[in-house]
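*Asks:* Please see the structure below; I have some questions.
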Amino acid sequence: MKSFDIESYLDGQLSDDELKAFQQEMQENPAFARAVEQQRIISQHLRNQLLRAHVTAVLKERPPTGPARKWWLLGGTLLLLLVVFLLVFPQTRKDAPVPGETKKEIQPTAPGNLTPENVPGNPAPEPAPQSRPSQPIAANRPSGLRAPDYPAPNIRGQQDGNSAWQKTLDQLWFTQFPPQNTRFNAPFSEVAQLLAARDFPNAFVELEILEQQQAQNDTLRLLKAYCLLEMGEGAEALRYYDQLEGREPQWNAYLEWHRTLGLLATGEPKKALPKFRKMANTPGHPFQKQSLRALEVLK
Amino acid sequence: MTLRFSLPLKKEEQKWSTDKQAFYDALGRAEPAAIRALAGKIAYDVKQATQHAALSAEDAEELVNDAVMITITNIQNQSFLYSDFSPVAYAKGVVRKLVANKVRSKKPRHEALEDFETTSDINPEAYLNNKELEQLVGKLLGKLEENCRQLLRLKYFENLRDKEIVEQNLTSYSSTTSLKSKRNQCMNKLIEIANETGLLDGI
């Protein structure tokens with residue numbers, strides 16, 4: 001039995017001879033004609049629905065405009081001032097030297113020993129804290145940054161025998177969520193809240209459900225990538241970040257930094273180092289200080 | 001249609017205010033910045049119209065989405081040509097038609113409705129009927145495996161040719177024949193599910 005290419009027919013890509021044979025088959029075979037019509041309708045509906053999902057997703061992410069933007073800016077400024085106040089003033093009190101207190105130092109790692117496999121294991125790994133206690137600002141460091149507020153995730157496959165590498169990651173694991181100037185509206189607002197609250201397991205479940213419900217889009221990819229990164233799934237996170245490459249210029253720096261963290265999470269510091277150097281040497285790069293800090297730690 | 005994210009919105013808007021053909025073309029490619037710009041330009045009209053017609057804020061949001069959707073679709077299928085009207089004027093005409101349709105569905109039919117010459121080709125009732133079916137197809141698509149969704153999306157949303165998909169390694173298929181064969185299977189599966197749900201009854 002001769003087979004006919006319905007898709008090529010609907011796309012208008014059949015040659016004259018093929019078209020004649022196709023039309024003749026439709027005339028002689030009502031079941032075939034019905035199959036063609038069904039595919040025509042479904043493909044048209046599918047095309048429109050994918051476009052609609054795209055339009056809806058784009059407009060859901062529409063940045064606030066007009067008077068609303070002013071309020072957001074005002075609110076943001078006040079919040080920033082509050083954060084600065086809370087960070088600076090408690091530090092001056094808490095960071096006063098306590099007699100007899102000694103600070104634990106991470107042993108520097110030789111450049112050739114950067115891979116997690118080569119870092120000597122620590123016989124008694126400490127449980128990862130949920131959040132890091134306040135630390136002094138590293139005044140003598142070029143980055144001027146203190147350690148990240150939250151530790152790095154337990155990297156997949158590295159949990160037991162490599163706590164030194166884990167501690168190294170803890171020193172440079174500056175992640176940011178949400179990205180600057182980005183707001184997540186429905187249907188992503190709920191999962192964005194979970195991510196902001198660092199409830200990654202529940203956020204992951206929500207993201208899985210969202211992925212089932214709707215067509216892939218950049219917001220979904222960004223959220224999933226961040227969630228996977230914070231769950232220590234570096235390779236999977238990188239796969240999602242790769243799909244976002246060059247899609248939204250305002251995300252470039254954000255993606256560059258988090259992808260480099262993804263490389264560390266996959267145990268590839270040698271690949272990450274040149275990327276940290278590039279960001280550290282880019283004036284005005286939003287993650288310049290974090291990159292300097294990463295270079296200090298990985299040195 | 002490969003999605004493009006080139007310039008920040010403000011620069012794009014400046015460019016489009018002087019080059020409306022470029023705006024029209026960007027809408028035809030469903031570029032996010034163009035979508036946002038069009039929505040922004042019709043938002044005031046939608047607000048006015050919905051307030052006048054005592055419609056809700058949810059209605060207003062849906063109207064903006066539908067007007068943008070219809071404008072892009074009609075650019076893509078060339079039932080709206082740039083030589084006729086500017087995209088903003090066209091979209092505003094669509095808004096008025098959609099609002100009129102909503103009002104008509106709430107009030108007795110004998111009430112006078114405006115005449116909208118700019119968008120005489122648009123049938124809001126047909127659009128809304130199709131919208132329901134299309135959303136149902138979207139739900140059915142969610143029942144397919146991720147690989148299938150990706151293959152169908154590359155063809156029916158990104159509008160990429162099989163050769164491009166293979167050359168750019170966008171899927172795991174290394175030949176156009178295997179790619180097309182798998183996509184056909186996916187489409188047949190989608191049609192099968194649609195038949196099971198009664199979506200294609202009467203065809």
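Identifiers in the structure tokens: chain A, B, ... in order shown; residue index from 1 per chain; ligand index from 1 in order shown.
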Quick one: which residues from chain A are at most 8 Å off chain B, using only C-alpha atoms, as a list of chain:residue names?
*Replies:*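 Those within range of chain B come out as A:Glu7, A:Arg34, A:Glu37, A:Gln38, A:Gln39, A:Ile42, A:Ser43, A:His45, A:Leu46, A:Arg47, A:Asn48, A:Gln49, A:Leu50, A:Leu51, A:Arg52, A:Val55, A:Thr56, A:Val58, A:Leu59, A:Arg62, A:Gln212, A:Gln213, A:Gln214, A:Ala215, A:Gly246, A:Arg247, A:Glu248, A:Pro249, A:Gln250.
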*Asks:* Check segment 137-168 of chain B with DSSP on the backbone and list each residue it calls helix (DSSP H, G or I), as a list of chain:residue names.
*Replies:*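 Answer for segment 137-168 of chain B, restricted to helix (DSSP H, G or I): B:Val137, B:Gly138, B:Lys139, B:Leu140, B:Leu141, B:Glu146, B:Asn147, B:Cys148, B:Arg149, B:Gln150, B:Leu151, B:Leu152, B:Arg153, B:Leu154, B:Lys155, B:Tyr156, B:Asp162, B:Lys163, B:Glu164, B:Ile165, B:Val166, B:Glu167.
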*Asks:* The selected residues should be written to file as a PDB file, in the first residue's frame (atoms: N, CA and C atoms).
*Replies:*
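Saved the output as again_23.pdb:
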```
ATOM      1  N   VAL B 137      -6.526  21.608  22.985  1.00  0.00           N
ATOM      2  CA  VAL B 137      -5.397  20.953  22.313  1.00  0.00           C
ATOM      3  C   VAL B 137      -4.111  21.194  23.116  1.00  0.00           C
ATOM      4  N   GLY B 138      -3.986  22.399  23.670  1.00  0.00           N
ATOM      5  CA  GLY B 138      -2.824  22.702  24.511  1.00  0.00           C
ATOM      6  C   GLY B 138      -2.745  21.758  25.701  1.00  0.00           C
ATOM      7  N   LYS B 139      -3.911  21.461  26.302  1.00  0.00           N
ATOM      8  CA  LYS B 139      -3.925  20.539  27.444  1.00  0.00           C
ATOM      9  C   LYS B 139      -3.549  19.132  26.997  1.00  0.00           C
ATOM     10  N   LEU B 140      -4.077  18.740  25.830  1.00  0.00           N
ATOM     11  CA  LEU B 140      -3.753  17.393  25.323  1.00  0.00           C
ATOM     12  C   LEU B 140      -2.267  17.278  25.014  1.00  0.00           C
ATOM     13  N   LEU B 141      -1.696  18.365  24.537  1.00  0.00           N
ATOM     14  CA  LEU B 141      -0.261  18.372  24.244  1.00  0.00           C
ATOM     15  C   LEU B 141       0.539  18.044  25.505  1.00  0.00           C
ATOM     16  N   GLU B 146       7.855  14.697  26.785  1.00  0.00           N
ATOM     17  CA  GLU B 146       8.585  15.950  26.539  1.00  0.00           C
ATOM     18  C   GLU B 146       9.201  15.986  25.138  1.00  0.00           C
ATOM     19  N   ASN B 147       9.733  14.857  24.713  1.00  0.00           N
ATOM     20  CA  ASN B 147      10.358  14.802  23.385  1.00  0.00           C
ATOM     21  C   ASN B 147       9.360  15.186  22.294  1.00  0.00           C
ATOM     22  N   CYS B 148       8.147  14.655  22.399  1.00  0.00           N
ATOM     23  CA  CYS B 148       7.109  14.958  21.412  1.00  0.00           C
ATOM     24  C   CYS B 148       6.734  16.446  21.464  1.00  0.00           C
ATOM     25  N   ARG B 149       6.591  16.950  22.670  1.00  0.00           N
ATOM     26  CA  ARG B 149       6.205  18.369  22.801  1.00  0.00           C
ATOM     27  C   ARG B 149       7.248  19.257  22.143  1.00  0.00           C
ATOM     28  N   GLN B 150       8.500  18.883  22.356  1.00  0.00           N
ATOM     29  CA  GLN B 150       9.596  19.672  21.790  1.00  0.00           C
ATOM     30  C   GLN B 150       9.565  19.616  20.256  1.00  0.00           C
ATOM     31  N   LEU B 151       9.353  18.412  19.702  1.00  0.00           N
ATOM     32  CA  LEU B 151       9.341  18.262  18.240  1.00  0.00           C
ATOM     33  C   LEU B 151       8.195  19.071  17.624  1.00  0.00           C
ATOM     34  N   LEU B 152       7.027  18.995  18.246  1.00  0.00           N
ATOM     35  CA  LEU B 152       5.873  19.723  17.701  1.00  0.00           C
ATOM     36  C   LEU B 152       6.060  21.229  17.868  1.00  0.00           C
ATOM     37  N   ARG B 153       6.657  21.614  18.963  1.00  0.00           N
ATOM     38  CA  ARG B 153       6.883  23.042  19.203  1.00  0.00           C
ATOM     39  C   ARG B 153       7.867  23.622  18.179  1.00  0.00           C
ATOM     40  N   LEU B 154       8.916  22.870  17.893  1.00  0.00           N
ATOM     41  CA  LEU B 154       9.906  23.373  16.934  1.00  0.00           C
ATOM     42  C   LEU B 154       9.276  23.604  15.568  1.00  0.00           C
ATOM     43  N   LYS B 155       8.332  22.755  15.201  1.00  0.00           N
ATOM     44  CA  LYS B 155       7.698  22.926  13.890  1.00  0.00           C
ATOM     45  C   LYS B 155       6.567  23.957  13.942  1.00  0.00           C
ATOM     46  N   TYR B 156       5.696  23.828  14.917  1.00  0.00           N
ATOM     47  CA  TYR B 156       4.463  24.623  14.875  1.00  0.00           C
ATOM     48  C   TYR B 156       4.551  25.951  15.620  1.00  0.00           C
ATOM     49  N   ASP B 162      13.050  21.196   9.042  1.00  0.00           N
ATOM     50  CA  ASP B 162      13.686  19.986   9.575  1.00  0.00           C
ATOM     51  C   ASP B 162      15.205  20.064   9.442  1.00  0.00           C
ATOM     52  N   LYS B 163      15.644  20.614   8.322  1.00  0.00           N
ATOM     53  CA  LYS B 163      17.089  20.703   8.081  1.00  0.00           C
ATOM     54  C   LYS B 163      17.744  21.584   9.165  1.00  0.00           C
ATOM     55  N   GLU B 164      17.093  22.695   9.479  1.00  0.00           N
ATOM     56  CA  GLU B 164      17.633  23.597  10.512  1.00  0.00           C
ATOM     57  C   GLU B 164      17.695  22.897  11.867  1.00  0.00           C
ATOM     58  N   ILE B 165      16.630  22.159  12.167  1.00  0.00           N
ATOM     59  CA  ILE B 165      16.562  21.476  13.472  1.00  0.00           C
ATOM     60  C   ILE B 165      17.714  20.472  13.605  1.00  0.00           C
ATOM     61  N   VAL B 166      17.962  19.749  12.527  1.00  0.00           N
ATOM     62  CA  VAL B 166      19.032  18.742  12.559  1.00  0.00           C
ATOM     63  C   VAL B 166      20.396  19.427  12.600  1.00  0.00           C
ATOM     64  N   GLU B 167      20.585  20.439  11.765  1.00  0.00           N
ATOM     65  CA  GLU B 167      21.891  21.104  11.696  1.00  0.00           C
ATOM     66  C   GLU B 167      22.249  21.790  13.015  1.00  0.00           C
TER      67      GLU B 167
END
```
*Asks:* Nearest residue to Gln51 of chain B out of B:Tyr127, B:Phe80, B:Val99, B:Asn74, using only C-alpha atoms?
*Replies:* B:Val99
*Asks:* Looking at only C-alpha atoms, which of B:Thr171, B:Asn77, B:Ala91, B:Glu125 is the one that sits closest to Val46 of chain B?
*Replies:*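 Under the stated criterion, the closest residue is B:Ala91.
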*Asks:* Neighbouring residues of Ala265 of chain A were defined as those with any atom within 12 Å, considering only C-alpha atoms; residues of the same chain fewer than 2 positions away were excluded. Please report them as number ranges by chain.
*Replies:* A: 115-116, 152-159, 165-166, 168-170, 172-173, 228-238, 258-263, 267-272
*Asks:* May I have the selected residues written with N, CA and C atoms, as a short mmCIF file (atom, residue, chain, number, x, y, z; two decimals), in the first residue's frame?
*Replies:*
```cif
data_model
loop_
_atom_site.label_atom_id
_atom_site.label_comp_id
_atom_site.auth_asym_id
_atom_site.auth_seq_id
_atom_site.Cartn_x
_atom_site.Cartn_y
_atom_site.Cartn_z
N THR A 115 40.15 19.83 41.41
CA THR A 115 38.99 18.98 41.17
C THR A 115 38.52 18.36 42.47
N PRO A 116 37.23 18.21 42.64
CA PRO A 116 36.72 17.69 43.91
C PRO A 116 37.29 16.33 44.24
N ALA A 152 26.64 26.24 49.90
CA ALA A 152 26.39 25.56 48.63
C ALA A 152 25.59 24.30 48.91
N PRO A 153 24.85 23.84 47.92
CA PRO A 153 24.11 22.58 48.15
C PRO A 153 25.07 21.41 48.23
N ASN A 154 24.57 20.31 48.76
CA ASN A 154 25.36 19.08 48.70
C ASN A 154 25.41 18.65 47.25
N ILE A 155 26.61 18.65 46.71
CA ILE A 155 26.74 18.36 45.29
C ILE A 155 26.52 16.88 45.04
N ARG A 156 25.78 16.60 43.99
CA ARG A 156 25.41 15.22 43.67
C ARG A 156 26.65 14.33 43.60
N GLY A 157 26.63 13.26 44.37
CA GLY A 157 27.73 12.30 44.34
C GLY A 157 28.93 12.71 45.17
N GLN A 158 28.83 13.87 45.85
CA GLN A 158 30.00 14.34 46.60
C GLN A 158 29.73 14.39 48.10
N GLN A 159 28.59 13.86 48.52
CA GLN A 159 28.15 14.15 49.88
C GLN A 159 29.14 13.73 50.96
N TRP A 165 35.99 20.21 49.51
CA TRP A 165 35.48 20.83 48.28
C TRP A 165 34.15 21.53 48.56
N GLN A 166 33.35 20.86 49.38
CA GLN A 166 32.06 21.45 49.74
C GLN A 166 32.27 22.79 50.46
N THR A 168 34.84 24.70 50.16
CA THR A 168 35.32 25.68 49.16
C THR A 168 34.12 26.30 48.46
N LEU A 169 33.20 25.46 48.05
CA LEU A 169 32.01 25.97 47.36
C LEU A 169 31.22 26.90 48.28
N ASP A 170 31.15 26.54 49.54
CA ASP A 170 30.39 27.39 50.49
C ASP A 170 30.92 28.82 50.52
N LEU A 172 32.01 30.59 48.07
CA LEU A 172 31.82 31.41 46.86
C LEU A 172 30.42 31.24 46.25
N TRP A 173 29.57 30.53 46.96
CA TRP A 173 28.26 30.19 46.39
C TRP A 173 27.28 31.35 46.55
N LEU A 228 17.44 23.56 40.15
CA LEU A 228 18.36 22.42 40.04
C LEU A 228 19.74 22.78 40.56
N LEU A 229 20.17 24.00 40.26
CA LEU A 229 21.49 24.43 40.72
C LEU A 229 21.56 24.40 42.24
N GLU A 230 20.51 24.92 42.88
CA GLU A 230 20.51 24.96 44.34
C GLU A 230 20.27 23.58 44.95
N MET A 231 19.84 22.64 44.13
CA MET A 231 19.69 21.27 44.63
C MET A 231 20.95 20.45 44.35
N GLY A 232 21.96 21.12 43.78
CA GLY A 232 23.23 20.44 43.54
C GLY A 232 23.27 19.63 42.27
N GLU A 233 22.25 19.83 41.41
CA GLU A 233 22.21 19.09 40.14
C GLU A 233 22.83 19.97 39.06
N GLY A 234 24.16 20.11 39.13
CA GLY A 234 24.86 21.05 38.24
C GLY A 234 24.65 20.76 36.77
N ALA A 235 24.79 19.49 36.37
CA ALA A 235 24.71 19.15 34.95
C ALA A 235 23.32 19.46 34.39
N GLU A 236 22.29 19.09 35.17
CA GLU A 236 20.93 19.35 34.72
C GLU A 236 20.66 20.86 34.65
N ALA A 237 21.18 21.58 35.67
CA ALA A 237 21.00 23.04 35.67
C ALA A 237 21.65 23.65 34.44
N LEU A 238 22.84 23.17 34.12
CA LEU A 238 23.55 23.70 32.94
C LEU A 238 22.77 23.44 31.67
N HIS A 258 25.70 32.22 37.07
CA HIS A 258 25.10 30.99 37.58
C HIS A 258 25.53 29.76 36.78
N ARG A 259 25.80 29.94 35.51
CA ARG A 259 26.32 28.81 34.73
C ARG A 259 27.71 28.43 35.22
N THR A 260 28.49 29.45 35.62
CA THR A 260 29.83 29.16 36.11
C THR A 260 29.74 28.40 37.44
N LEU A 261 28.78 28.79 38.27
CA LEU A 261 28.55 28.00 39.49
C LEU A 261 28.16 26.57 39.13
N GLY A 262 27.36 26.47 38.07
CA GLY A 262 26.95 25.14 37.59
C GLY A 262 28.15 24.28 37.23
N LEU A 263 29.15 24.92 36.62
CA LEU A 263 30.38 24.17 36.27
C LEU A 263 31.07 23.67 37.54
N GLY A 267 31.80 19.73 39.18
CA GLY A 267 33.18 19.32 39.46
C GLY A 267 34.15 19.73 38.36
N GLU A 268 33.89 20.89 37.74
CA GLU A 268 34.79 21.33 36.67
C GLU A 268 35.35 22.73 36.95
N PRO A 269 36.11 22.86 38.05
CA PRO A 269 36.63 24.19 38.38
C PRO A 269 37.59 24.73 37.33
N LYS A 270 38.28 23.84 36.62
CA LYS A 270 39.22 24.33 35.61
C LYS A 270 38.50 25.05 34.48
N LYS A 271 37.30 24.58 34.18
CA LYS A 271 36.51 25.28 33.15
C LYS A 271 35.91 26.57 33.72
N ALA A 272 35.67 26.55 35.03
CA ALA A 272 35.03 27.72 35.64
C ALA A 272 36.00 28.88 35.82
#
```
*Asks:* To one decimal in Å, tell me the separation between atom CA of Ala203 of chain A and atom CA of Val191 of chain A.
*Replies:*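 Separating atom CA of Ala203 of chain A from atom CA of Val191 of chain A is a distance of 5.4 Å.
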*Asks:* Mind pulling up the distance from atom CA of Gln171 of chain A to atom CA of Leu86 of chain A?
*Replies:*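 According to the coordinates, atom CA of Leu86 of chain A and atom CA of Gln171 of chain A are separated by 21.8 Å.
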